[in-house]
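Raw contents of coords_2.txt, compact mmCIF, C-alpha atoms and all ligand atoms:
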```txt
# COMPACT_ATOMS: atom_id res chain seq x y z
CA MET A 1 -35.73 6.41 12.43
CA LYS A 2 -32.54 8.22 13.43
CA ASP A 3 -30.63 10.16 10.78
CA LYS A 4 -27.45 8.14 11.45
CA ASP A 5 -29.20 4.86 10.64
CA THR A 6 -30.46 6.21 7.33
CA LYS A 7 -26.93 7.23 6.30
CA ASP A 8 -25.58 3.80 7.24
CA ILE A 9 -28.22 2.13 5.06
CA GLU A 10 -27.49 4.46 2.15
CA ILE A 11 -23.74 3.84 2.43
CA SER A 12 -24.22 0.11 2.56
CA LEU A 13 -26.43 0.21 -0.57
CA LEU A 14 -23.90 2.43 -2.35
CA LEU A 15 -21.04 0.04 -1.57
CA GLU A 16 -23.17 -2.87 -2.78
CA ALA A 17 -23.84 -1.01 -6.04
CA ILE A 18 -20.11 -0.33 -6.54
CA TYR A 19 -19.34 -4.00 -5.90
CA GLN A 20 -22.03 -5.36 -8.22
CA ARG A 21 -21.32 -2.91 -11.04
CA TYR A 22 -17.51 -2.67 -10.91
CA GLY A 23 -16.29 -5.57 -8.71
CA TYR A 24 -14.51 -3.31 -6.18
CA ASP A 25 -15.44 -4.51 -2.70
CA PHE A 26 -15.37 -1.80 -0.02
CA ARG A 27 -18.02 -3.48 2.12
CA GLN A 28 -15.53 -4.45 4.83
CA TYR A 29 -13.50 -1.24 4.89
CA SER A 30 -13.46 0.84 8.07
CA GLN A 31 -16.85 2.55 8.29
CA ALA A 32 -15.37 5.80 9.56
CA HIS A 33 -13.03 6.03 6.55
CA ILE A 34 -15.74 5.21 4.02
CA ARG A 35 -18.23 7.64 5.58
CA ARG A 36 -15.67 10.47 5.62
CA ARG A 37 -14.76 9.99 1.96
CA ILE A 38 -18.37 9.65 0.79
CA MET A 39 -19.50 12.74 2.70
CA ASN A 40 -16.60 14.63 1.22
CA ARG A 41 -17.58 13.68 -2.36
CA MET A 42 -21.21 14.55 -1.57
CA THR A 43 -20.25 18.04 -0.49
CA MET A 44 -18.07 18.48 -3.57
CA THR A 45 -20.89 17.42 -5.91
CA GLY A 46 -23.56 19.40 -4.04
CA LEU A 47 -25.81 16.36 -3.57
CA GLU A 48 -28.43 16.23 -0.80
CA TYR A 49 -28.62 12.48 -0.21
CA ILE A 50 -26.09 9.64 -0.36
CA SER A 51 -28.69 7.59 -2.22
CA GLN A 52 -28.44 10.03 -5.15
CA MET A 53 -24.84 8.86 -5.52
CA GLN A 54 -26.03 5.31 -6.05
CA ALA A 55 -27.78 6.21 -9.31
CA MET A 56 -24.77 8.24 -10.40
CA VAL A 57 -22.33 5.43 -9.65
CA LEU A 58 -24.41 2.96 -11.64
CA ASN A 59 -24.88 5.19 -14.69
CA ASP A 60 -21.93 7.56 -14.86
CA GLU A 61 -18.52 5.91 -15.19
CA THR A 62 -16.63 9.17 -14.73
CA PHE A 63 -18.38 9.79 -11.43
CA ALA A 64 -17.72 6.18 -10.40
CA SER A 65 -14.05 6.56 -11.24
CA ASP A 66 -13.82 9.77 -9.15
CA LEU A 67 -15.48 8.03 -6.22
CA LEU A 68 -13.13 5.05 -6.50
CA GLN A 69 -10.19 7.47 -6.36
CA ASP A 70 -11.73 9.03 -3.23
CA LEU A 71 -12.02 5.66 -1.53
CA SER A 72 -8.41 4.73 -2.25
CA ILE A 73 -6.07 7.05 -0.35
CA THR A 74 -2.77 7.05 -2.25
CA VAL A 75 -0.73 9.35 -0.01
CA THR A 76 2.84 8.04 0.16
CA GLU A 77 6.49 9.14 0.35
CA MET A 78 9.96 7.92 -0.45
CA PHE A 79 11.61 6.42 2.62
CA ARG A 80 8.42 7.11 4.59
CA ASP A 81 9.18 6.63 8.30
CA PRO A 82 12.99 6.61 7.91
CA GLU A 83 13.43 4.63 11.14
CA PHE A 84 11.55 1.78 9.53
CA TYR A 85 14.03 1.67 6.62
CA LYS A 86 16.91 1.81 9.10
CA SER A 87 15.50 -1.25 10.83
CA LEU A 88 14.99 -2.93 7.45
CA ARG A 89 18.71 -2.46 6.73
CA GLU A 90 19.72 -3.76 10.15
CA ASN A 91 17.25 -6.59 10.74
CA VAL A 92 15.93 -7.77 7.38
CA ILE A 93 18.75 -7.27 4.86
CA PRO A 94 20.98 -9.85 6.66
CA ILE A 95 18.15 -12.40 6.29
CA LEU A 96 17.66 -11.57 2.59
CA LYS A 97 21.40 -11.94 1.99
CA THR A 98 21.12 -15.65 2.79
CA TYR A 99 18.93 -16.32 -0.29
CA PRO A 100 20.27 -16.85 -3.83
CA PHE A 101 17.28 -14.97 -5.26
CA ILE A 102 14.75 -12.73 -3.53
CA LYS A 103 11.10 -11.94 -4.19
CA ILE A 104 9.49 -8.93 -2.52
CA TRP A 105 5.83 -7.93 -2.61
CA HIS A 106 4.74 -4.33 -2.02
CA ALA A 107 0.99 -4.71 -1.48
CA GLY A 108 -0.76 -1.36 -1.88
CA CYS A 109 2.21 0.40 -3.49
CA ALA A 110 0.19 3.49 -4.51
CA THR A 111 2.29 5.69 -6.85
CA GLY A 112 5.44 3.64 -6.34
CA GLU A 113 7.60 5.69 -3.97
CA GLU A 114 7.89 2.76 -1.54
CA ALA A 115 9.04 0.34 -4.27
CA TYR A 116 11.62 2.82 -5.61
CA SER A 117 12.91 3.30 -2.04
CA MET A 118 13.29 -0.46 -1.74
CA ALA A 119 15.13 -0.66 -5.09
CA ILE A 120 17.58 2.02 -3.89
CA LEU A 121 18.17 0.25 -0.59
CA LEU A 122 18.74 -3.10 -2.32
CA GLN A 123 21.16 -1.54 -4.82
CA GLU A 124 23.18 -0.13 -1.96
CA GLU A 125 23.19 -3.50 -0.20
CA GLY A 126 24.29 -5.32 -3.38
CA LEU A 127 21.05 -7.34 -3.57
CA TYR A 128 19.06 -5.70 -6.35
CA ASP A 129 20.36 -7.83 -9.21
CA ARG A 130 19.00 -11.00 -7.61
CA THR A 131 15.67 -9.48 -6.58
CA THR A 132 12.25 -9.22 -8.18
CA ILE A 133 9.96 -6.61 -6.65
CA TYR A 134 6.23 -7.15 -7.24
CA ALA A 135 4.52 -3.81 -6.65
CA THR A 136 0.74 -4.09 -6.67
CA ASP A 137 -2.29 -1.90 -6.13
CA PHE A 138 -5.93 -1.97 -7.20
CA ASN A 139 -5.79 1.66 -8.29
CA GLN A 140 -4.76 1.62 -11.97
CA MET A 141 -4.21 5.38 -12.12
CA ALA A 142 -1.76 5.17 -9.23
CA LEU A 143 0.00 2.19 -10.85
CA ASP A 144 0.37 4.03 -14.17
CA LYS A 145 2.05 6.90 -12.36
CA ALA A 146 4.25 4.48 -10.45
CA LYS A 147 5.43 2.87 -13.69
CA GLU A 148 6.50 6.27 -15.08
CA GLY A 149 8.68 6.95 -12.05
CA ILE A 150 8.29 10.72 -12.42
CA PHE A 151 7.80 12.67 -9.21
CA SER A 152 7.38 16.32 -8.35
CA ASN A 153 10.52 18.31 -7.63
CA LYS A 154 8.74 19.87 -4.66
CA MET A 155 8.92 16.63 -2.71
CA ILE A 156 12.61 15.95 -3.29
CA LYS A 157 13.87 18.01 -0.37
CA ASP A 158 11.74 15.97 2.06
CA TYR A 159 12.64 12.69 0.37
CA THR A 160 16.34 13.55 0.60
CA VAL A 161 16.02 14.13 4.34
CA ASN A 162 14.09 10.85 4.73
CA TYR A 163 16.75 9.02 2.73
CA GLN A 164 19.57 10.40 4.85
CA LEU A 165 17.76 9.62 8.10
CA SER A 166 17.11 6.08 6.88
CA GLY A 167 20.83 5.36 6.65
CA GLY A 168 21.23 6.05 2.91
CA LYS A 169 24.80 5.56 1.77
CA GLU A 170 25.02 7.70 -1.37
CA SER A 171 23.90 11.12 -2.53
CA PHE A 172 20.13 10.87 -3.08
CA SER A 173 20.43 13.00 -6.24
CA SER A 174 22.39 10.18 -7.91
CA TYR A 175 19.13 8.20 -8.19
CA TYR A 176 17.22 10.62 -10.44
CA THR A 177 17.53 13.16 -13.20
CA ALA A 178 15.87 16.55 -12.71
CA SER A 179 13.65 17.70 -15.58
CA TYR A 180 11.78 21.02 -15.23
CA ASP A 181 9.43 20.65 -12.24
CA ASN A 182 9.94 16.91 -11.95
CA VAL A 183 12.53 14.26 -11.29
CA ILE A 184 12.77 11.03 -13.27
CA MET A 185 13.95 7.98 -11.36
CA ASN A 186 16.93 6.11 -12.87
CA LYS A 187 16.09 3.29 -15.28
CA SER A 188 18.35 0.95 -13.32
CA LEU A 189 15.91 1.18 -10.39
CA LYS A 190 12.95 0.11 -12.51
CA LYS A 191 14.47 -2.91 -14.17
CA ASN A 192 13.44 -5.52 -11.57
CA ILE A 193 10.10 -4.02 -10.56
CA VAL A 194 6.97 -5.76 -11.86
CA TRP A 195 3.93 -3.47 -11.55
CA ALA A 196 0.61 -5.33 -11.37
CA ASN A 197 -3.03 -4.66 -10.64
CA HIS A 198 -4.04 -6.78 -7.65
CA ASN A 199 -6.96 -6.37 -5.28
CA LEU A 200 -6.23 -7.57 -1.75
CA VAL A 201 -9.92 -8.15 -1.08
CA THR A 202 -10.94 -10.12 -4.14
CA ASP A 203 -7.74 -11.55 -5.68
CA SER A 204 -5.71 -14.48 -4.39
CA VAL A 205 -2.05 -15.30 -3.75
CA PHE A 206 0.05 -14.75 -6.87
CA ALA A 207 3.60 -15.49 -5.74
CA GLU A 208 5.68 -17.08 -3.00
CA VAL A 209 7.80 -14.29 -1.56
CA HIS A 210 10.58 -13.65 0.98
CA LEU A 211 9.37 -10.22 2.10
CA ILE A 212 6.01 -8.45 2.10
CA LEU A 213 5.52 -4.74 2.74
CA CYS A 214 1.91 -3.74 3.27
CA ARG A 215 2.12 -0.39 4.99
CA ASN A 216 -0.70 2.06 5.59
CA VAL A 217 -3.27 -0.09 3.78
CA LEU A 218 -4.83 -2.34 6.45
CA ILE A 219 -5.63 0.74 8.48
CA TYR A 220 -8.59 1.26 6.12
CA PHE A 221 -9.97 -2.28 6.61
CA ASP A 222 -12.24 -3.60 9.38
CA GLN A 223 -11.00 -6.41 11.66
CA ASN A 224 -12.52 -9.26 9.63
CA LEU A 225 -11.00 -8.03 6.42
CA GLN A 226 -7.62 -7.52 8.11
CA ASN A 227 -7.74 -11.16 9.23
CA LYS A 228 -8.57 -12.29 5.69
CA VAL A 229 -5.73 -10.28 4.14
CA GLN A 230 -3.31 -11.46 6.82
CA THR A 231 -4.13 -15.04 5.76
CA LEU A 232 -3.30 -14.08 2.18
CA PHE A 233 0.08 -12.72 3.33
CA PHE A 234 0.76 -15.76 5.51
CA ASN A 235 0.12 -18.05 2.53
CA SER A 236 2.34 -15.92 0.27
CA LEU A 237 5.36 -15.84 2.59
CA ILE A 238 7.96 -18.58 2.67
CA ASN A 239 8.74 -19.98 6.13
CA GLY A 240 11.16 -17.52 7.71
CA GLY A 241 9.82 -14.76 5.43
CA VAL A 242 9.26 -11.24 6.74
CA LEU A 243 6.12 -9.12 6.94
CA CYS A 244 6.25 -5.32 7.40
CA LEU A 245 3.21 -3.27 8.38
CA GLY A 246 2.64 0.47 8.81
CA SER A 247 3.28 2.37 12.04
CA LYS A 248 -0.41 2.35 13.00
CA GLU A 249 -1.03 -1.27 12.01
CA SER A 250 -0.57 -4.44 14.00
CA LEU A 251 -0.73 -8.20 13.87
CA HIS A 252 -1.70 -8.36 17.55
CA PHE A 253 -5.42 -8.61 17.07
CA THR A 254 -5.32 -11.01 14.14
CA ASP A 255 -5.66 -14.79 14.23
CA LEU A 256 -2.10 -15.27 12.93
CA TYR A 257 -0.17 -13.36 15.60
CA GLN A 258 1.16 -16.60 17.13
CA GLU A 259 2.64 -17.64 13.79
CA TYR A 260 5.21 -14.82 13.75
CA ILE A 261 8.19 -13.63 15.79
CA GLU A 262 8.53 -9.87 16.29
CA LEU A 263 11.80 -8.71 14.70
CA ASP A 264 11.18 -5.06 15.54
CA LYS A 265 8.14 -4.32 17.65
CA LYS A 266 8.17 -0.56 17.13
CA GLN A 267 8.68 -0.71 13.36
CA ARG A 268 6.08 -3.51 12.96
CA ILE A 269 8.41 -6.06 11.39
CA PHE A 270 7.47 -9.73 11.83
CA LYS A 271 9.16 -12.98 10.82
CA LYS A 272 7.07 -16.02 9.92
CA LYS A 273 8.01 -18.98 12.11
CA TYR A 274 9.55 -22.09 10.55
C1 LIG B 301 -1.96 5.19 1.85
S1 LIG B 301 -1.46 4.23 0.47
C2 LIG B 301 -0.04 3.42 1.09
C3 LIG B 301 1.12 3.46 0.13
C4 LIG B 301 2.43 2.88 0.66
N1 LIG B 301 2.29 1.49 1.01
C5 LIG B 301 2.94 3.67 1.83
O1 LIG B 301 2.87 3.21 2.96
O2 LIG B 301 3.42 4.79 1.62
C6 LIG B 301 -2.70 2.94 0.45
C7 LIG B 301 -2.77 2.20 -0.87
O3 LIG B 301 -3.53 1.01 -0.67
C8 LIG B 301 -4.26 0.77 -1.84
N2 LIG B 301 -5.38 -0.14 -1.55
C9 LIG B 301 -6.48 0.08 -0.80
N3 LIG B 301 -7.30 -0.99 -0.84
C10 LIG B 301 -6.69 -1.91 -1.64
C11 LIG B 301 -7.05 -3.21 -2.08
N4 LIG B 301 -8.20 -3.76 -1.72
N5 LIG B 301 -6.19 -3.87 -2.88
C12 LIG B 301 -5.02 -3.31 -3.27
N6 LIG B 301 -4.63 -2.07 -2.90
C13 LIG B 301 -5.46 -1.38 -2.09
C14 LIG B 301 -4.73 2.16 -2.25
O4 LIG B 301 -5.10 2.21 -3.61
C15 LIG B 301 -3.50 2.99 -1.95
O5 LIG B 301 -2.68 3.13 -3.08
```
Show the structure stored in the file as structure tokens.
Amino acid sequence: MKDKDTKDIEISLLLEAIYQRYGYDFRQYSQAHIRRRIMNRMTMTGLEYISQMQAMVLNDETFASDLLQDLSITVTEMFRDPEFYKSLRENVIPILKTYPFIKIWHAGCATGEEAYSMAILLQEEGLYDRTTIYATDFNQMALDKAKEGIFSNKMIKDYTVNYQLSGGKESFSSYYTASYDNVIMNKSLKKNIVWANHNLVTDSVFAEVHLILCRNVLIYFDQNLQNKVQTLFFNSLINGGVLCLGSKESLHFTDLYQEYIELDKKQRIFKKKY
């Protein structure tokens, strides 16, 4: 038997063990992503075989928790891809302005930077008071950090540039208070954000929304799983609602492509047909 086949079997058994023991289902994630993260953890722990991790995952909750963190990449930024936010202001805000109240779902919000960026944008557009932002992730540690709204000072220079490039209308520093090495986001930004643990693979629709942002999440899923999650989004969006994906993600190869109009092809913004 080839070495590659053995590793594939071990990975598949490990993912099965994680699913059966903890309910997290990575079985339909991109194989390349899963393999990279598992091999990385194996090197860090000095293990010889992937199958040794199976016993550890089943019996050692700390190890399992570390591995779950490895499998969930939480890299994010405020106003990530500023051109996307510019397009959001130009193409999506006018649509949102037509509704008396607005519900927005950030699926896979990581540590919250994306949701805070949205709150800032909505404040500037005069829409925040009539909006509820549902920011969800399956990574509880990331969600806890998001709720705090405390970010490292080191990132603020980059975030300020992103904000300005995105068409920000104020001084970015008016949205936080600096405290030692960190900044604390203004309370007024948090007031309409509902943080919730939600797993896109195993949980169902929880709200009917006007706008969904799921950026840089589907990239880790295989095609079948992307189709399944796209159905979840389709069922959560009102007719005429808007779906935003990440720069490397697309609706093109999914079953639901025909059900949307492209509002901005480059920025991956789609409107559900009436
Ligand atoms: C790279 S971050 C993207 C954060 C943000 N959307 C952005 O674009 O900056 C991916 C996030 O997706 C979350 N994620 C991965 N699989 C998920 C699942 N099955 N259900 C919910 N969230 C998931 C991860 O925990 C992680 O926080």
**Report entry** Nearest candidate to A:Ser171 (options A:Val242, A:Met42, A:Val92, A:Ile120; using all atoms listed in the file)
**Finding:** A:Ile120
If you take only C-alpha atoms and a cut-off of 10 Å, which residues of stretch 152-233 of chain A touch stretch 19-25 of chain A, and what are their nearest atom pairs and distances in Å to one decimal, in chain and number order, as JSON lines?
```
{"residue": "A:Asn199", "atom": "CA", "partner": "A:Tyr24", "partner_atom": "CA", "distance": 8.2}
{"residue": "A:Leu200", "atom": "CA", "partner": "A:Asp25", "partner_atom": "CA", "distance": 9.8}
{"residue": "A:Val201", "atom": "CA", "partner": "A:Asp25", "partner_atom": "CA", "distance": 6.8}
{"residue": "A:Thr202", "atom": "CA", "partner": "A:Asp25", "partner_atom": "CA", "distance": 7.3}
```
Contact check, chain A to ligand LIG 301 (chain B), at most 10 Å, counting all atoms listed in the file, closest pairs as a tab-separated table:
```
residue	atom	partner	partner_atom	distance
A:Tyr24	CA	B:LIG301	N4	7.7
A:Asp25	CA	B:LIG301	N4	7.3
A:Phe26	CA	B:LIG301	N4	7.6
A:Gln28	CA	B:LIG301	N4	9.9
A:Tyr29	CA	B:LIG301	N3	8.4
A:Leu68	CA	B:LIG301	O4	9.0
A:Gln69	CA	B:LIG301	O4	7.8
A:Asp70	CA	B:LIG301	O4	9.5
A:Leu71	CA	B:LIG301	C9	7.9
A:Ser72	CA	B:LIG301	O4	4.4
A:Ile73	CA	B:LIG301	C1	5.0
A:Thr74	CA	B:LIG301	O5	4.0
A:Val75	CA	B:LIG301	C1	4.7
A:Thr76	CA	B:LIG301	O2	3.6
A:Glu77	CA	B:LIG301	O2	5.5
A:Met78	CA	B:LIG301	O2	7.5
A:Phe79	CA	B:LIG301	O2	8.4
A:Arg80	CA	B:LIG301	O2	6.3
A:Asp81	CA	B:LIG301	O1	8.9
A:His106	CA	B:LIG301	N1	7.0
A:Ala107	CA	B:LIG301	N6	6.4
A:Gly108	CA	B:LIG301	O3	3.8
A:Cys109	CA	B:LIG301	N1	4.6
A:Ala110	CA	B:LIG301	O5	3.2
A:Thr111	CA	B:LIG301	O5	6.7
A:Gly112	CA	B:LIG301	C4	7.7
A:Glu113	CA	B:LIG301	O2	7.0
A:Glu114	CA	B:LIG301	O2	5.8
A:Ala115	CA	B:LIG301	C4	8.6
A:Ala135	CA	B:LIG301	N1	9.6
A:Thr136	CA	B:LIG301	C12	6.7
A:Asp137	CA	B:LIG301	N6	4.0
A:Phe138	CA	B:LIG301	C12	4.3
A:Asn139	CA	B:LIG301	O4	4.8
A:Gln140	CA	B:LIG301	O4	8.4
A:Met141	CA	B:LIG301	O4	9.1
A:Ala142	CA	B:LIG301	O5	6.5
A:Leu143	CA	B:LIG301	O5	8.3
A:Asn197	CA	B:LIG301	C12	7.8
A:His198	CA	B:LIG301	C12	5.7
A:Asn199	CA	B:LIG301	N5	3.6
A:Leu200	CA	B:LIG301	N5	3.9
A:Val201	CA	B:LIG301	N4	4.8
A:Thr202	CA	B:LIG301	N4	7.3
A:Asp203	CA	B:LIG301	N5	8.3
A:Leu213	CA	B:LIG301	N1	7.2
A:Cys214	CA	B:LIG301	N1	5.7
A:Arg215	CA	B:LIG301	O1	4.2
A:Asn216	CA	B:LIG301	O1	4.6
A:Val217	CA	B:LIG301	C6	4.5
A:Leu218	CA	B:LIG301	N3	7.8
A:Ile219	CA	B:LIG301	C1	8.8
A:Tyr220	CA	B:LIG301	C9	7.3
A:Phe221	CA	B:LIG301	N3	8.0
A:Leu225	CA	B:LIG301	N4	9.6
A:Val229	CA	B:LIG301	N4	9.1
A:Leu245	CA	B:LIG301	O1	8.5
A:Gly246	CA	B:LIG301	O1	6.5
A:Ser247	CA	B:LIG301	O1	9.1
```
Query - 12 Å contact set for A:Glu10, all atoms listed in the file, chain neighbours under 2 positions out, as JSON, numbers by chain - result: {"A": [3, 4, 5, 6, 7, 8, 12, 13, 14, 15, 16, 17, 34, 35, 38, 39, 49, 50, 51, 52, 53, 54, 55]}
What would the file look like if the residues just selected were written as a PDB file, in the coordinates of the input with C-alpha atoms?
```pdb
ATOM      1  CA  ASP A   3     -30.630  10.160  10.780  1.00  0.00           C
ATOM      2  CA  LYS A   4     -27.450   8.140  11.450  1.00  0.00           C
ATOM      3  CA  ASP A   5     -29.200   4.860  10.640  1.00  0.00           C
ATOM      4  CA  THR A   6     -30.460   6.210   7.330  1.00  0.00           C
ATOM      5  CA  LYS A   7     -26.930   7.230   6.300  1.00  0.00           C
ATOM      6  CA  ASP A   8     -25.580   3.800   7.240  1.00  0.00           C
ATOM      7  CA  SER A  12     -24.220   0.110   2.560  1.00  0.00           C
ATOM      8  CA  LEU A  13     -26.430   0.210  -0.570  1.00  0.00           C
ATOM      9  CA  LEU A  14     -23.900   2.430  -2.350  1.00  0.00           C
ATOM     10  CA  LEU A  15     -21.040   0.040  -1.570  1.00  0.00           C
ATOM     11  CA  GLU A  16     -23.170  -2.870  -2.780  1.00  0.00           C
ATOM     12  CA  ALA A  17     -23.840  -1.010  -6.040  1.00  0.00           C
ATOM     13  CA  ILE A  34     -15.740   5.210   4.020  1.00  0.00           C
ATOM     14  CA  ARG A  35     -18.230   7.640   5.580  1.00  0.00           C
ATOM     15  CA  ILE A  38     -18.370   9.650   0.790  1.00  0.00           C
ATOM     16  CA  MET A  39     -19.500  12.740   2.700  1.00  0.00           C
ATOM     17  CA  TYR A  49     -28.620  12.480  -0.210  1.00  0.00           C
ATOM     18  CA  ILE A  50     -26.090   9.640  -0.360  1.00  0.00           C
ATOM     19  CA  SER A  51     -28.690   7.590  -2.220  1.00  0.00           C
ATOM     20  CA  GLN A  52     -28.440  10.030  -5.150  1.00  0.00           C
ATOM     21  CA  MET A  53     -24.840   8.860  -5.520  1.00  0.00           C
ATOM     22  CA  GLN A  54     -26.030   5.310  -6.050  1.00  0.00           C
ATOM     23  CA  ALA A  55     -27.780   6.210  -9.310  1.00  0.00           C
TER      24      ALA A  55
END
```
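The shortest atom-to-atom distance to A:Leu211, with only C-alpha atoms taken into account, belongs to A:Leu237 out of A:Leu237, A:Ala146, A:Met185, A:Met155.
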Write stretch 101-109 of chain A as an mmCIF file, keeping the file's coordinate frame, completed to all heavy atoms.
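Below is the file result_15.cif, written as the result:
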```
data_model
loop_
_atom_site.group_PDB
_atom_site.id
_atom_site.type_symbol
_atom_site.label_atom_id
_atom_site.label_comp_id
_atom_site.auth_asym_id
_atom_site.auth_seq_id
_atom_site.Cartn_x
_atom_site.Cartn_y
_atom_site.Cartn_z
ATOM 1 N N PHE A 101 18.137 -15.934 -4.555
ATOM 2 C CA PHE A 101 17.280 -14.970 -5.260
ATOM 3 C C PHE A 101 16.205 -14.521 -4.289
ATOM 4 O O PHE A 101 15.887 -15.235 -3.322
ATOM 5 C CB PHE A 101 16.655 -15.581 -6.524
ATOM 6 C CG PHE A 101 15.747 -16.740 -6.218
ATOM 7 C CD1 PHE A 101 14.400 -16.532 -5.956
ATOM 8 C CD2 PHE A 101 16.236 -18.045 -6.146
ATOM 9 C CE1 PHE A 101 13.567 -17.587 -5.638
ATOM 10 C CE2 PHE A 101 15.406 -19.109 -5.824
ATOM 11 C CZ PHE A 101 14.065 -18.882 -5.584
ATOM 12 N N ILE A 102 15.670 -13.333 -4.516
ATOM 13 C CA ILE A 102 14.750 -12.730 -3.530
ATOM 14 C C ILE A 102 13.503 -12.210 -4.242
ATOM 15 O O ILE A 102 13.606 -11.583 -5.308
ATOM 16 C CB ILE A 102 15.451 -11.544 -2.825
ATOM 17 C CG1 ILE A 102 16.748 -12.008 -2.139
ATOM 18 C CG2 ILE A 102 14.524 -10.871 -1.819
ATOM 19 C CD1 ILE A 102 17.756 -10.892 -1.937
ATOM 20 N N LYS A 103 12.341 -12.505 -3.650
ATOM 21 C CA LYS A 103 11.100 -11.940 -4.190
ATOM 22 C C LYS A 103 10.444 -11.088 -3.098
ATOM 23 O O LYS A 103 10.264 -11.557 -1.970
ATOM 24 C CB LYS A 103 10.144 -13.054 -4.592
ATOM 25 C CG LYS A 103 10.600 -13.827 -5.812
ATOM 26 C CD LYS A 103 9.486 -14.731 -6.242
ATOM 27 C CE LYS A 103 9.973 -15.864 -7.118
ATOM 28 N NZ LYS A 103 8.966 -16.907 -7.242
ATOM 29 N N ILE A 104 10.091 -9.873 -3.477
ATOM 30 C CA ILE A 104 9.490 -8.930 -2.520
ATOM 31 C C ILE A 104 8.146 -8.454 -3.064
ATOM 32 O O ILE A 104 8.031 -8.143 -4.256
ATOM 33 C CB ILE A 104 10.427 -7.708 -2.303
ATOM 34 C CG1 ILE A 104 11.760 -8.191 -1.726
ATOM 35 C CG2 ILE A 104 9.779 -6.678 -1.382
ATOM 36 C CD1 ILE A 104 12.799 -7.100 -1.549
ATOM 37 N N TRP A 105 7.159 -8.395 -2.191
ATOM 38 C CA TRP A 105 5.830 -7.930 -2.610
ATOM 39 C C TRP A 105 5.471 -6.645 -1.847
ATOM 40 O O TRP A 105 5.390 -6.674 -0.623
ATOM 41 C CB TRP A 105 4.797 -9.027 -2.324
ATOM 42 C CG TRP A 105 3.376 -8.681 -2.680
ATOM 43 C CD1 TRP A 105 2.953 -7.658 -3.468
ATOM 44 C CD2 TRP A 105 2.187 -9.378 -2.255
ATOM 45 N NE1 TRP A 105 1.581 -7.665 -3.569
ATOM 46 C CE2 TRP A 105 1.087 -8.702 -2.841
ATOM 47 C CE3 TRP A 105 1.948 -10.491 -1.454
ATOM 48 C CZ2 TRP A 105 -0.238 -9.112 -2.629
ATOM 49 C CZ3 TRP A 105 0.635 -10.907 -1.242
ATOM 50 C CH2 TRP A 105 -0.444 -10.221 -1.833
ATOM 51 N N HIS A 106 5.287 -5.564 -2.597
ATOM 52 C CA HIS A 106 4.740 -4.330 -2.020
ATOM 53 C C HIS A 106 3.237 -4.336 -2.300
ATOM 54 O O HIS A 106 2.825 -4.080 -3.439
ATOM 55 C CB HIS A 106 5.350 -3.093 -2.669
ATOM 56 C CG HIS A 106 6.767 -2.855 -2.272
ATOM 57 N ND1 HIS A 106 7.119 -2.003 -1.254
ATOM 58 C CD2 HIS A 106 7.918 -3.370 -2.749
ATOM 59 C CE1 HIS A 106 8.430 -1.998 -1.116
ATOM 60 N NE2 HIS A 106 8.942 -2.819 -2.015
ATOM 61 N N ALA A 107 2.443 -4.646 -1.283
ATOM 62 C CA ALA A 107 0.990 -4.710 -1.480
ATOM 63 C C ALA A 107 0.385 -3.362 -1.115
ATOM 64 O O ALA A 107 0.525 -2.906 0.018
ATOM 65 C CB ALA A 107 0.424 -5.811 -0.584
ATOM 66 N N GLY A 108 -0.256 -2.715 -2.107
ATOM 67 C CA GLY A 108 -0.760 -1.360 -1.880
ATOM 68 C C GLY A 108 0.373 -0.362 -2.060
ATOM 69 O O GLY A 108 0.703 0.417 -1.177
ATOM 70 N N CYS A 109 0.994 -0.410 -3.257
ATOM 71 C CA CYS A 109 2.210 0.400 -3.490
ATOM 72 C C CYS A 109 1.886 1.834 -3.891
ATOM 73 O O CYS A 109 2.792 2.649 -4.031
ATOM 74 C CB CYS A 109 3.067 -0.259 -4.567
ATOM 75 S SG CYS A 109 2.292 -0.228 -6.211
#
```
